[in-house]
file run.cif (mmCIF, C-alpha atoms)
data_structure
#
loop_
_atom_site.label_atom_id
_atom_site.label_comp_id
_atom_site.auth_asym_id
_atom_site.auth_seq_id
_atom_site.Cartn_x
_atom_site.Cartn_y
_atom_site.Cartn_z
CA MET N 597 0.00 0.00 0.00
CA GLY N 598 1.08 3.58 -0.61
CA VAL N 599 2.47 5.82 -3.32
CA GLY N 600 4.67 3.81 -5.68
CA ALA N 601 3.31 0.40 -4.68
CA ARG N 602 2.11 -0.18 -8.27
CA LYS N 603 5.73 -0.35 -9.44
CA GLU N 604 6.29 -3.56 -7.47
CA VAL N 605 3.94 -5.67 -9.59
CA GLY N 606 6.69 -7.01 -11.86
CA LYS N 607 8.85 -8.19 -8.97
CA HIS N 608 5.89 -9.93 -7.35
CA ALA N 609 4.87 -11.57 -10.63
CA LYS N 610 8.37 -12.92 -11.07
CA SER N 611 8.59 -14.15 -7.47
CA LEU N 612 5.30 -16.04 -7.95
CA GLY N 613 6.85 -17.90 -10.88
CA GLY N 614 4.95 -16.24 -13.69
CA ARG N 615 6.20 -16.33 -17.28
CA LYS N 616 3.14 -15.29 -19.28
CA VAL N 617 0.92 -12.76 -17.52
CA LEU N 618 -2.66 -11.84 -18.38
CA ILE N 619 -3.90 -8.45 -17.20
CA VAL N 620 -7.69 -8.46 -16.84
CA THR N 621 -9.02 -4.91 -16.90
CA ASP N 622 -11.52 -2.53 -18.53
CA GLN N 623 -11.23 -0.09 -21.38
CA GLY N 624 -11.11 2.86 -18.99
CA MET N 625 -7.85 1.58 -17.52
CA VAL N 626 -6.46 1.26 -21.05
CA ASN N 627 -7.57 4.76 -22.02
CA ALA N 628 -6.05 6.21 -18.85
CA GLY N 629 -2.70 4.59 -19.62
CA PHE N 630 -2.73 2.52 -16.43
CA ALA N 631 -2.75 -0.82 -18.26
CA GLU N 632 0.37 0.10 -20.23
CA GLN N 633 2.09 1.27 -17.05
CA VAL N 634 1.44 -2.05 -15.36
CA LYS N 635 2.50 -3.92 -18.48
CA SER N 636 5.81 -2.03 -18.56
CA TYR N 637 6.58 -2.88 -14.94
CA ILE N 638 6.06 -6.57 -15.70
CA LEU N 639 8.03 -6.46 -18.97
CA ASP N 640 10.94 -4.96 -17.04
CA GLU N 641 11.21 -8.30 -15.21
CA GLY N 642 11.48 -10.24 -18.47
CA LEU N 643 7.96 -11.68 -18.50
CA GLU N 644 5.48 -11.75 -21.38
CA VAL N 645 2.28 -9.73 -20.93
CA PHE N 646 -1.16 -9.89 -22.56
CA ILE N 647 -4.14 -7.62 -21.89
CA PHE N 648 -7.85 -8.40 -21.81
CA SER N 649 -9.78 -5.12 -21.54
CA GLY N 650 -13.34 -6.30 -22.10
CA VAL N 651 -14.66 -6.12 -18.53
CA CYS N 652 -18.08 -4.44 -18.16
CA PRO N 653 -19.05 -2.28 -15.13
CA ASN N 654 -21.19 -5.19 -13.92
CA PRO N 655 -19.08 -8.14 -15.17
CA THR N 656 -20.96 -10.95 -16.88
CA ASP N 657 -20.42 -14.62 -17.58
CA VAL N 658 -19.73 -13.59 -21.19
CA ASN N 659 -16.85 -11.34 -20.05
CA VAL N 660 -15.45 -14.24 -18.03
CA ARG N 661 -15.53 -16.65 -20.98
CA ASP N 662 -13.95 -14.06 -23.27
CA ALA N 663 -11.12 -13.48 -20.79
CA LEU N 664 -10.56 -17.23 -20.53
CA MET N 665 -10.12 -17.46 -24.31
CA VAL N 666 -7.27 -14.91 -24.15
CA TRP N 667 -5.73 -16.78 -21.20
CA GLN N 668 -5.81 -20.11 -23.00
CA GLU N 669 -4.76 -18.84 -26.43
CA ASN N 670 -1.61 -17.31 -24.98
CA LYS N 671 -0.90 -20.12 -22.48
CA CYS N 672 -0.80 -17.66 -19.58
CA ASP N 673 0.22 -18.79 -16.12
CA LEU N 674 -0.22 -15.71 -13.89
CA LEU N 675 -3.23 -13.43 -13.45
CA VAL N 676 -3.17 -9.69 -12.75
CA THR N 677 -6.43 -7.81 -12.27
CA LEU N 678 -6.34 -4.04 -12.68
CA GLY N 679 -9.22 -1.73 -11.79
CA GLY N 680 -12.11 -1.77 -9.36
CA GLY N 681 -14.36 -4.60 -8.28
CA SER N 682 -15.53 -5.34 -11.81
CA SER N 683 -12.06 -6.24 -13.05
CA HIS N 684 -11.17 -8.18 -9.92
CA ASP N 685 -14.42 -10.15 -9.98
CA CYS N 686 -14.10 -10.98 -13.68
CA GLY N 687 -10.48 -12.03 -13.24
CA LYS N 688 -11.24 -14.22 -10.25
CA ALA N 689 -14.07 -15.91 -12.13
CA MET N 690 -11.82 -16.45 -15.14
CA GLY N 691 -9.27 -17.98 -12.78
CA ILE N 692 -11.90 -20.41 -11.52
CA MET N 693 -12.54 -21.69 -15.03
CA ALA N 694 -8.81 -21.78 -15.85
CA THR N 695 -8.05 -24.22 -13.04
CA SER N 696 -11.36 -25.89 -12.11
CA GLY N 697 -12.73 -26.33 -15.64
CA GLY N 698 -16.35 -26.31 -16.69
CA ASP N 699 -18.43 -23.14 -16.93
CA ILE N 700 -18.47 -20.30 -14.42
CA ARG N 701 -22.14 -20.94 -13.65
CA ASP N 702 -21.15 -24.34 -12.25
CA TYR N 703 -19.40 -22.66 -9.31
CA ALA N 704 -21.93 -20.16 -7.97
CA GLY N 705 -22.14 -20.55 -4.22
CA VAL N 706 -19.72 -21.06 -1.35
CA ASN N 707 -16.62 -23.28 -1.39
CA THR N 708 -17.38 -24.82 -4.78
CA LEU N 709 -13.95 -24.57 -6.41
CA LYS N 710 -12.12 -27.76 -7.41
CA SER N 711 -8.67 -26.15 -7.47
CA SER N 712 -6.84 -23.02 -6.38
CA LEU N 713 -6.62 -20.07 -8.75
CA PRO N 714 -3.45 -19.50 -10.77
CA PRO N 715 -0.91 -17.21 -9.09
CA TYR N 716 -2.84 -13.96 -8.73
CA ILE N 717 -1.98 -10.27 -8.17
CA SER N 718 -4.69 -7.63 -7.82
CA ILE N 719 -4.02 -3.93 -8.44
CA ASN N 720 -6.83 -1.77 -7.12
CA THR N 721 -7.93 1.62 -8.48
CA THR N 722 -11.15 2.37 -6.57
CA ALA N 723 -11.78 2.85 -2.85
CA GLY N 724 -14.91 0.80 -2.50
CA THR N 725 -15.40 -2.87 -3.27
CA ALA N 726 -12.28 -4.31 -1.60
CA SER N 727 -12.55 -7.19 -4.07
CA GLU N 728 -8.78 -7.00 -4.40
CA ILE N 729 -8.44 -8.65 -0.97
CA THR N 730 -11.60 -10.64 -0.43
CA ARG N 731 -12.66 -14.23 -1.02
CA PHE N 732 -15.74 -13.13 -2.95
CA ALA N 733 -16.64 -12.41 -6.56
CA VAL N 734 -19.92 -11.37 -8.16
CA VAL N 735 -20.77 -12.05 -11.83
CA THR N 736 -24.07 -11.55 -13.68
CA ASN N 737 -25.74 -14.55 -15.32
CA THR N 738 -26.82 -13.10 -18.67
CA ASP N 739 -29.67 -15.59 -19.07
CA THR N 740 -31.39 -14.69 -15.80
CA ASP N 741 -30.01 -11.17 -15.10
CA VAL N 742 -29.21 -12.38 -11.58
CA LYS N 743 -25.86 -11.79 -9.93
CA MET N 744 -24.08 -15.02 -9.04
CA ILE N 745 -22.00 -14.88 -5.86
CA PHE N 746 -18.82 -16.92 -5.46
CA GLY N 747 -17.23 -17.32 -2.05
CA ASP N 748 -14.07 -19.32 -1.45
CA GLY N 749 -10.82 -18.63 0.36
CA ARG N 750 -8.97 -19.67 -2.78
CA LEU N 751 -10.31 -16.54 -4.54
CA THR N 752 -8.06 -14.36 -2.41
CA ALA N 753 -5.19 -12.69 -4.26
CA ASP N 754 -1.62 -13.71 -3.45
CA VAL N 755 -0.60 -10.04 -3.56
CA ALA N 756 -2.92 -7.03 -3.39
CA ILE N 757 -1.62 -3.59 -4.42
CA ASN N 758 -3.27 -0.31 -3.50
CA ASP N 759 -1.45 2.75 -4.84
CA PRO N 760 -3.45 5.98 -4.31
CA VAL N 761 -1.85 7.43 -7.44
CA PHE N 762 -4.00 5.02 -9.47
CA HIS N 763 -7.05 6.26 -7.54
CA MET N 764 -6.50 9.89 -8.53
CA GLY N 765 -8.21 9.55 -11.90
CA MET N 766 -11.58 8.42 -10.54
CA PRO N 767 -14.40 10.78 -11.54
CA ARG N 768 -16.45 12.39 -8.79
CA SER N 769 -19.50 10.16 -9.29
CA LEU N 770 -17.44 6.98 -9.08
CA THR N 771 -15.57 8.28 -6.04
CA ALA N 772 -18.88 8.90 -4.30
CA ALA N 773 -20.38 5.55 -5.27
CA THR N 774 -17.37 3.46 -4.30
CA GLY N 775 -16.95 5.36 -1.04
CA MET N 776 -20.53 4.58 -0.06
CA ASP N 777 -19.91 0.96 -1.05
CA ALA N 778 -17.06 0.87 1.47
CA LEU N 779 -19.31 2.40 4.14
CA THR N 780 -21.99 -0.20 3.40
CA HIS N 781 -19.45 -3.01 3.72
CA ALA N 782 -18.32 -1.69 7.08
CA ILE N 783 -21.79 -1.15 8.52
CA GLU N 784 -23.21 -4.45 7.29
CA ALA N 785 -20.18 -6.35 8.59
CA TYR N 786 -20.42 -4.57 11.95
CA VAL N 787 -24.06 -5.58 12.53
CA SER N 788 -23.80 -9.00 10.83
CA LYS N 789 -24.78 -12.14 12.69
CA GLN N 790 -21.24 -13.36 12.03
CA ALA N 791 -19.43 -10.30 13.42
CA THR N 792 -16.60 -10.81 15.90
CA PRO N 793 -14.48 -8.44 18.01
CA VAL N 794 -11.84 -8.60 15.28
CA THR N 795 -14.23 -7.63 12.46
CA ASP N 796 -15.82 -4.99 14.70
CA VAL N 797 -12.49 -3.18 15.06
CA CYS N 798 -11.94 -3.19 11.30
CA ALA N 799 -15.50 -2.08 10.58
CA LEU N 800 -15.51 0.81 13.04
CA GLY N 801 -12.14 1.98 11.77
CA ALA N 802 -13.50 2.01 8.23
CA ILE N 803 -16.68 3.86 9.24
CA GLU N 804 -14.68 6.57 10.98
CA LEU N 805 -12.37 7.05 8.00
CA VAL N 806 -15.19 7.18 5.44
CA ALA N 807 -17.13 9.69 7.54
CA LYS N 808 -14.06 11.93 7.78
CA TRP N 809 -12.52 11.59 4.33
CA LEU N 810 -15.19 10.78 1.72
CA ARG N 811 -16.52 14.33 1.44
CA PRO N 812 -13.09 15.92 0.86
CA THR N 813 -12.19 13.14 -1.60
CA VAL N 814 -15.32 13.80 -3.65
CA ALA N 815 -14.77 17.55 -3.42
CA ASP N 816 -11.18 17.33 -4.71
CA GLY N 817 -10.12 14.12 -6.39
CA THR N 818 -6.50 15.30 -6.53
CA ASN N 819 -6.26 15.41 -2.72
CA LEU N 820 -3.65 12.67 -2.25
CA GLU N 821 -4.07 12.50 1.53
CA ALA N 822 -7.83 12.03 1.21
CA ARG N 823 -7.36 9.39 -1.49
CA SER N 824 -4.85 7.57 0.71
CA GLN N 825 -7.17 7.58 3.71
CA MET N 826 -10.04 6.23 1.61
CA VAL N 827 -7.74 3.39 0.47
CA TYR N 828 -7.27 2.44 4.12
CA ALA N 829 -11.01 2.78 4.73
CA GLU N 830 -12.05 0.44 1.92
CA TYR N 831 -9.33 -2.04 2.86
CA LEU N 832 -10.45 -2.19 6.50
CA ALA N 833 -14.06 -2.57 5.39
CA GLY N 834 -12.98 -5.42 3.13
CA MET N 835 -11.21 -7.16 5.99
CA ALA N 836 -14.39 -6.83 8.04
CA PHE N 837 -16.88 -8.22 5.54
CA ASN N 838 -14.48 -10.84 4.20
CA ASN N 839 -14.97 -12.53 7.57
CA ALA N 840 -18.32 -11.24 8.88
CA VAL N 841 -20.08 -11.22 5.47
CA LEU N 842 -22.88 -8.72 4.67
CA GLY N 843 -26.68 -8.34 4.86
CA ILE N 844 -29.80 -7.40 2.94
CA VAL N 845 -28.47 -4.08 1.67
CA HIS N 846 -26.29 -6.13 -0.64
CA SER N 847 -29.00 -8.72 -1.29
CA MET N 848 -31.27 -5.94 -2.53
CA ALA N 849 -28.56 -4.00 -4.36
CA HIS N 850 -27.43 -7.08 -6.28
CA GLN N 851 -30.89 -7.42 -7.83
CA ALA N 852 -31.32 -3.77 -8.80
CA GLY N 853 -27.83 -3.63 -10.23
CA SER N 854 -28.14 -6.72 -12.38
CA LEU N 855 -31.67 -5.96 -13.58
CA ARG N 856 -30.84 -2.50 -14.94
CA ASP N 857 -27.03 -2.69 -15.10
CA LEU N 858 -26.72 -0.01 -12.40
CA PRO N 859 -23.64 1.07 -10.40
CA HIS N 860 -23.36 -1.22 -7.38
CA GLY N 861 -22.16 1.48 -5.00
CA VAL N 862 -25.04 3.81 -5.88
CA CYS N 863 -27.58 1.03 -5.29
CA ASN N 864 -26.00 0.27 -1.92
CA ALA N 865 -25.99 3.95 -0.94
CA ILE N 866 -29.69 4.38 -1.69
CA ILE N 867 -30.72 1.19 0.09
CA LEU N 868 -28.40 1.50 3.11
CA PRO N 869 -30.35 3.97 5.31
CA VAL N 870 -33.73 2.27 4.87
CA VAL N 871 -32.26 -1.13 5.75
CA CYS N 872 -30.43 0.37 8.72
CA GLU N 873 -33.78 1.70 9.96
CA TYR N 874 -35.22 -1.79 9.57
CA ASN N 875 -32.26 -3.43 11.33
CA LEU N 876 -32.02 -0.91 14.15
CA LEU N 877 -34.15 -2.90 16.59
CA ALA N 878 -31.85 -5.91 16.23
CA ALA N 879 -28.67 -4.03 17.18
CA PRO N 880 -29.41 -0.61 18.71
CA GLU N 881 -26.15 -0.49 20.68
CA LYS N 882 -24.16 -1.08 17.53
CA PHE N 883 -26.01 1.60 15.60
CA ALA N 884 -25.34 4.01 18.44
CA LYS N 885 -21.65 3.20 18.09
CA ILE N 886 -21.90 3.76 14.32
CA ALA N 887 -23.35 7.22 15.00
CA GLU N 888 -20.46 8.01 17.32
CA SER N 889 -17.92 6.75 14.77
CA MET N 890 -19.49 9.03 12.16
CA GLY N 891 -18.89 12.04 14.41
CA GLU N 892 -22.36 12.38 15.94
CA ASN N 893 -22.71 13.66 19.50
CA ILE N 894 -24.68 11.02 21.40
CA ASP N 895 -23.95 12.24 24.94
CA GLY N 896 -27.00 11.95 27.19
CA LEU N 897 -29.13 10.18 24.58
CA SER N 898 -30.95 6.91 25.02
CA ILE N 899 -29.60 4.00 23.02
CA LEU N 900 -32.46 4.22 20.51
CA ASP N 901 -32.12 7.98 20.07
CA ALA N 902 -28.37 7.59 19.60
CA ALA N 903 -28.96 4.80 17.09
CA ASP N 904 -31.33 7.06 15.13
CA LYS N 905 -28.47 9.52 14.72
CA ALA N 906 -26.59 6.95 12.65
CA ILE N 907 -29.41 6.89 10.09
CA GLY N 908 -29.36 10.68 9.82
CA ALA N 909 -25.59 10.74 9.43
CA ILE N 910 -25.71 8.19 6.60
CA ARG N 911 -28.43 10.15 4.79
CA ARG N 912 -26.55 13.46 5.09
CA LEU N 913 -23.33 11.96 3.79
CA ALA N 914 -25.09 10.43 0.79
CA LYS N 915 -26.88 13.71 0.01
CA ASP N 916 -23.71 15.78 0.39
CA ILE N 917 -21.83 13.72 -2.21
CA GLY N 918 -24.65 13.61 -4.74
CA ILE N 919 -26.19 10.17 -4.32
CA PRO N 920 -29.69 9.95 -5.91
CA ALA N 921 -32.60 9.87 -3.48
CA GLY N 922 -34.25 6.71 -4.79
CA LEU N 923 -33.99 3.74 -7.12
CA GLY N 924 -36.72 5.23 -9.29
CA GLU N 925 -34.25 7.87 -10.43
CA LEU N 926 -32.12 5.04 -11.81
CA GLY N 927 -34.94 3.45 -13.79
CA ILE N 928 -36.23 0.86 -11.32
CA LEU N 929 -40.02 0.49 -11.60
CA GLU N 930 -42.54 -0.70 -9.03
CA GLU N 931 -43.36 -3.59 -11.35
CA ASP N 932 -39.75 -4.78 -10.92
CA VAL N 933 -40.15 -5.20 -7.18
CA PRO N 934 -41.69 -8.72 -6.96
CA GLN N 935 -38.89 -10.31 -9.01
CA MET N 936 -36.16 -8.37 -7.19
CA ALA N 937 -37.62 -9.21 -3.78
CA ASP N 938 -37.85 -12.90 -4.59
CA ASN N 939 -34.22 -13.00 -5.74
CA ALA N 940 -33.02 -10.88 -2.81
CA LEU N 941 -34.60 -13.29 -0.34
CA LYS N 942 -32.55 -16.11 -1.92
CA ASP N 943 -29.30 -14.11 -1.94
CA VAL N 944 -26.66 -15.59 0.37
CA CYS N 945 -26.09 -12.24 2.09
CA THR N 946 -29.62 -12.38 3.51
CA LEU N 947 -28.54 -15.20 5.82
CA PHE N 948 -26.32 -12.88 7.82
CA ASN N 949 -28.65 -9.92 8.25
CA PRO N 950 -29.10 -9.11 11.96
CA ARG N 951 -32.90 -8.99 11.72
CA SER N 952 -34.89 -11.75 10.06
CA VAL N 953 -36.62 -10.73 6.88
CA THR N 954 -39.54 -11.97 4.77
CA TYR N 955 -40.49 -11.47 1.14
CA ASP N 956 -43.09 -8.89 2.20
CA ASP N 957 -40.49 -7.01 4.25
CA ILE N 958 -38.18 -6.71 1.24
CA VAL N 959 -41.07 -5.62 -1.01
CA ARG N 960 -41.93 -2.89 1.47
CA LEU N 961 -38.29 -1.73 1.69
CA TYR N 962 -37.95 -1.59 -2.09
CA LYS N 963 -41.18 0.37 -2.50
CA SER N 964 -40.09 2.93 0.08
CA ILE N 965 -37.16 3.98 -2.15
CA ILE N 966 -38.69 3.91 -5.63
#
call {"tool": "encode", "arguments": {"input": "run.cif", "output": "structure tokens"}}
result
Amino acid sequence: MGVGARKEVGKHAKSLGGRKVLIVTDQGMVNAGFAEQVKSYILDEGLEVFIFSGVCPNPTDVNVRDALMVWQENKCDLLVTLGGGSSHDCGKAMGIMATSGGDIRDYAGVNTLKSSLPPYISINTTAGTASEITRFAVVTNTDTDVKMIFGDGRLTADVAINDPVFHMGMPRSLTAATGMDALTHAIEAYVSKQATPVTDVCALGAIELVAKWLRPTVADGTNLEARSQMVYAEYLAGMAFNNAVLGIVHSMAHQAGSLRDLPHGVCNAIILPVVCEYNLLAAPEKFAKIAESMGENIDGLSILDAADKAIGAIRRLAKDIGIPAGLGELGILEEDVPQMADNALKDVCTLFNPRSVTYDDIVRLYKSII
């Protein structure tokens, strides 16, 4: 982590035994010149490098198969993912097929891999998903428009690189969306049924950093200190949810995002406060602590009143950085709700939500933000 960390990728690739490296990325990384930078660092170590730049914002099974073709045609033996969560998720899924065989749809679920991934280095460029360090990947099934979730310890990168210099080029809207994604990861992990004292420390640290640094990062994307602090925030949030998992904010966001190909972080940001209101009764002490970590004064308040302050703080932050007020602004219709609610109830993240939830509950939550 830190300024200049990106330049170490070639040395790490060589130490992992790579000879032919595939960089999985998106066209934006190519246009920005980042892909060529990374390629040059690897070439300096005497390795061959190939680039697949066909990753979509919400990666699909088609992207994964296309990346695999490039991997196989060039007989690659080491994977580098460059970008945000989309590139990391696509690369991980490609790695599953490269070593476990079959089709990517065969492996949706938890601990389904037959083999470890190839040697794998992730280079992160957004402060949000933390996919560069987690054991999870999310890929859209193009036949059903449902996001498939893959969870396995063998999806974790051998080396993860976060250089804030590569984060400097993020546009304001993406900075806002990914920052709220990091906040959602931290909050959902903190109140998850699977939370532990270890994940709590990571989650609270992330919440505090996002609350302090996301606004200045959105206001001035060239602020290197703010960018660096948001890198730490998203990384801590990733450590938290990699172990504590998530909740129904993500279950609901997955459906909206895949149905209309919407930005994941924006969907999370819109859904987060209404789900927090729903979950408040299950963990009021924790929501009070969230409020305190976000800079709210809770002295002399009852636990429930203090917990309410967390909801207000989340809403103000989202409004300040330009997050839309509802899913309707993104094209989600009320007629979409039954299908989304049914799929959200089946989403694996729902299992770890602190308050039990029914189909009717999810329908009601969706309708409140359309």
call {"tool": "residues_around", "arguments": {"input": "run.cif", "residues": "segment 867-883 of chain N", "least_positions_apart": "5", "cutoff": "10 Å", "atoms": "all atoms listed in the file", "output": "number ranges by chain"}}
result
N: 776-777, 779-780, 783-784, 786-788, 796, 800, 843-846, 848-849, 861-862, 888-889, 898-911, 914, 921-923, 949-953, 957-958, 961-962, 964-965
call {"tool": "closest_residue", "arguments": {"input": "run.cif", "among": "N:Asp622, N:Glu804, N:Gly629, N:Trp667", "to": "Gly650 of chain N", "atoms": "only C-alpha atoms"}}
result
N:Asp622
call {"tool": "closest_atom_pairs", "arguments": {"input": "run.cif", "of": "segment 837-915 of chain N", "to": "segment 935-944 of chain N", "cutoff": "7 Å", "atoms": "all atoms listed in the file", "output": "CSV"}}
result
residue,atom,partner,partner_atom,distance
N:Ser847,CA,N:Ala940,CA,4.8
N:Met848,CA,N:Ala940,CA,5.2
N:Gln851,CA,N:Met936,CA,5.4
N:Ala852,CA,N:Met936,CA,6.9
call {"tool": "atom_distance", "arguments": {"input": "run.cif", "atom1": "atom CA of Thr695 of chain N", "atom2": "atom CA of Val660 of chain N"}}
result
13.4 Å
call {"tool": "atom_distance", "arguments": {"input": "run.cif", "atom1": "atom CA of Ala726 of chain N", "atom2": "atom CA of Lys616 of chain N"}}
result
25.9 Å
call {"tool": "closest_residue", "arguments": {"input": "run.cif", "among": "N:Ala799, N:Lys915, N:Ala628, N:Asn758", "to": "Glu604 of chain N", "atoms": "only C-alpha atoms"}}
result
N:Asn758
call {"tool": "atom_distance", "arguments": {"input": "run.cif", "atom1": "atom CA of Gln623 of chain N", "atom2": "atom CA of His781 of chain N"}}
result
26.6 Å
call {"tool": "resolve_selection", "arguments": {"input": "run.cif", "expression": "the PyMOL selection byres ((chain N and resi 675) around 8)", "output": "ChimeraX atom specification"}}
result
/N:617-620,672-674,676-677,687,691,714-717
call {"tool": "residues_around", "arguments": {"input": "run.cif", "residues": "segment 605-614 of chain N", "least_positions_apart": "6", "cutoff": "12 Å", "atoms": "only C-alpha atoms", "output": "VMD selection string"}}
result
chain N and resid 597 631 633 to 645 671 to 678 714 to 720 753 to 759
call {"tool": "resolve_selection", "arguments": {"input": "run.cif", "expression": "the PyMOL selection byres ((chain N and resi 707-709) around 8)", "output": "CSV table (one decimal) with C-alpha atoms, in the frame of the given file"}}
result
chain,number,residue,atom,x,y,z
N,692,ILE,CA,-11.9,-20.4,-11.5
N,696,SER,CA,-11.4,-25.9,-12.1
N,703,TYR,CA,-19.4,-22.7,-9.3
N,704,ALA,CA,-21.9,-20.2,-8.0
N,705,GLY,CA,-22.1,-20.6,-4.2
N,706,VAL,CA,-19.7,-21.1,-1.4
N,710,LYS,CA,-12.1,-27.8,-7.4
N,711,SER,CA,-8.7,-26.2,-7.5
N,712,SER,CA,-6.8,-23.0,-6.4
N,746,PHE,CA,-18.8,-16.9,-5.5
N,747,GLY,CA,-17.2,-17.3,-2.0
N,748,ASP,CA,-14.1,-19.3,-1.4
N,749,GLY,CA,-10.8,-18.6,0.4
N,750,ARG,CA,-9.0,-19.7,-2.8
call {"tool": "closest_residue", "arguments": {"input": "run.cif", "among": "N:Arg856, N:Arg768, N:Arg731, N:His684", "to": "Gly927 of chain N", "atoms": "all atoms listed in the file"}}
result
N:Arg856
call {"tool": "closest_residue", "arguments": {"input": "run.cif", "among": "N:Leu832, N:Val599, N:Val827, N:Ala865", "to": "Ala782 of chain N", "atoms": "all atoms listed in the file"}}
result
N:Leu832
call {"tool": "closest_residue", "arguments": {"input": "run.cif", "among": "N:Arg823, N:Lys789, N:Lys808, N:Lys963", "to": "Pro760 of chain N", "atoms": "only C-alpha atoms"}}
result
N:Arg823
call {"tool": "build_atoms", "arguments": {"input": "run.cif", "residues": "segment 925-931 of chain N", "atoms": "all heavy atoms", "output": "mmCIF file, in the frame of the given file"}}
result
data_model
loop_
_atom_site.group_PDB
_atom_site.id
_atom_site.type_symbol
_atom_site.label_atom_id
_atom_site.label_comp_id
_atom_site.auth_asym_id
_atom_site.auth_seq_id
_atom_site.Cartn_x
_atom_site.Cartn_y
_atom_site.Cartn_z
ATOM 1 N N GLU N 925 -35.066 6.960 -9.626
ATOM 2 C CA GLU N 925 -34.250 7.870 -10.430
ATOM 3 C C GLU N 925 -33.279 7.117 -11.327
ATOM 4 O O GLU N 925 -32.752 7.675 -12.296
ATOM 5 C CB GLU N 925 -33.471 8.828 -9.513
ATOM 6 C CG GLU N 925 -34.342 9.789 -8.733
ATOM 7 C CD GLU N 925 -33.517 10.756 -7.891
ATOM 8 O OE1 GLU N 925 -32.437 11.177 -8.361
ATOM 9 O OE2 GLU N 925 -33.954 11.076 -6.774
ATOM 10 N N LEU N 926 -33.037 5.864 -11.019
ATOM 11 C CA LEU N 926 -32.120 5.040 -11.810
ATOM 12 C C LEU N 926 -32.856 4.144 -12.797
ATOM 13 O O LEU N 926 -32.222 3.352 -13.500
ATOM 14 C CB LEU N 926 -31.263 4.179 -10.876
ATOM 15 C CG LEU N 926 -30.471 4.920 -9.796
ATOM 16 C CD1 LEU N 926 -29.672 3.926 -8.973
ATOM 17 C CD2 LEU N 926 -29.561 5.969 -10.403
ATOM 18 N N GLY N 927 -34.176 4.239 -12.818
ATOM 19 C CA GLY N 927 -34.940 3.450 -13.790
ATOM 20 C C GLY N 927 -35.631 2.229 -13.235
ATOM 21 O O GLY N 927 -36.276 1.481 -13.981
ATOM 22 N N ILE N 928 -35.527 1.989 -11.924
ATOM 23 C CA ILE N 928 -36.230 0.860 -11.320
ATOM 24 C C ILE N 928 -37.709 1.199 -11.206
ATOM 25 O O ILE N 928 -38.077 2.286 -10.735
ATOM 26 C CB ILE N 928 -35.640 0.523 -9.933
ATOM 27 C CG1 ILE N 928 -34.194 0.049 -10.061
ATOM 28 C CG2 ILE N 928 -36.486 -0.541 -9.238
ATOM 29 C CD1 ILE N 928 -34.014 -1.254 -10.797
ATOM 30 N N LEU N 929 -38.577 0.280 -11.621
ATOM 31 C CA LEU N 929 -40.020 0.490 -11.600
ATOM 32 C C LEU N 929 -40.668 -0.350 -10.507
ATOM 33 O O LEU N 929 -40.117 -1.374 -10.076
ATOM 34 C CB LEU N 929 -40.615 0.106 -12.952
ATOM 35 C CG LEU N 929 -40.002 0.784 -14.187
ATOM 36 C CD1 LEU N 929 -40.604 0.193 -15.456
ATOM 37 C CD2 LEU N 929 -40.198 2.291 -14.132
ATOM 38 N N GLU N 930 -41.845 0.061 -10.068
ATOM 39 C CA GLU N 930 -42.540 -0.700 -9.030
ATOM 40 C C GLU N 930 -42.861 -2.109 -9.510
ATOM 41 O O GLU N 930 -42.885 -3.052 -8.712
ATOM 42 C CB GLU N 930 -43.822 0.030 -8.618
ATOM 43 C CG GLU N 930 -44.444 -0.546 -7.357
ATOM 44 C CD GLU N 930 -45.392 0.421 -6.659
ATOM 45 O OE1 GLU N 930 -45.135 1.633 -6.668
ATOM 46 O OE2 GLU N 930 -46.387 -0.074 -6.099
ATOM 47 N N GLU N 931 -43.067 -2.257 -10.813
ATOM 48 C CA GLU N 931 -43.360 -3.590 -11.350
ATOM 49 C C GLU N 931 -42.149 -4.523 -11.275
ATOM 50 O O GLU N 931 -42.282 -5.743 -11.411
ATOM 51 C CB GLU N 931 -43.838 -3.484 -12.790
ATOM 52 C CG GLU N 931 -42.806 -2.928 -13.747
ATOM 53 C CD GLU N 931 -43.391 -2.473 -15.077
ATOM 54 O OE1 GLU N 931 -44.398 -1.742 -15.065
ATOM 55 O OE2 GLU N 931 -42.834 -2.868 -16.116
#
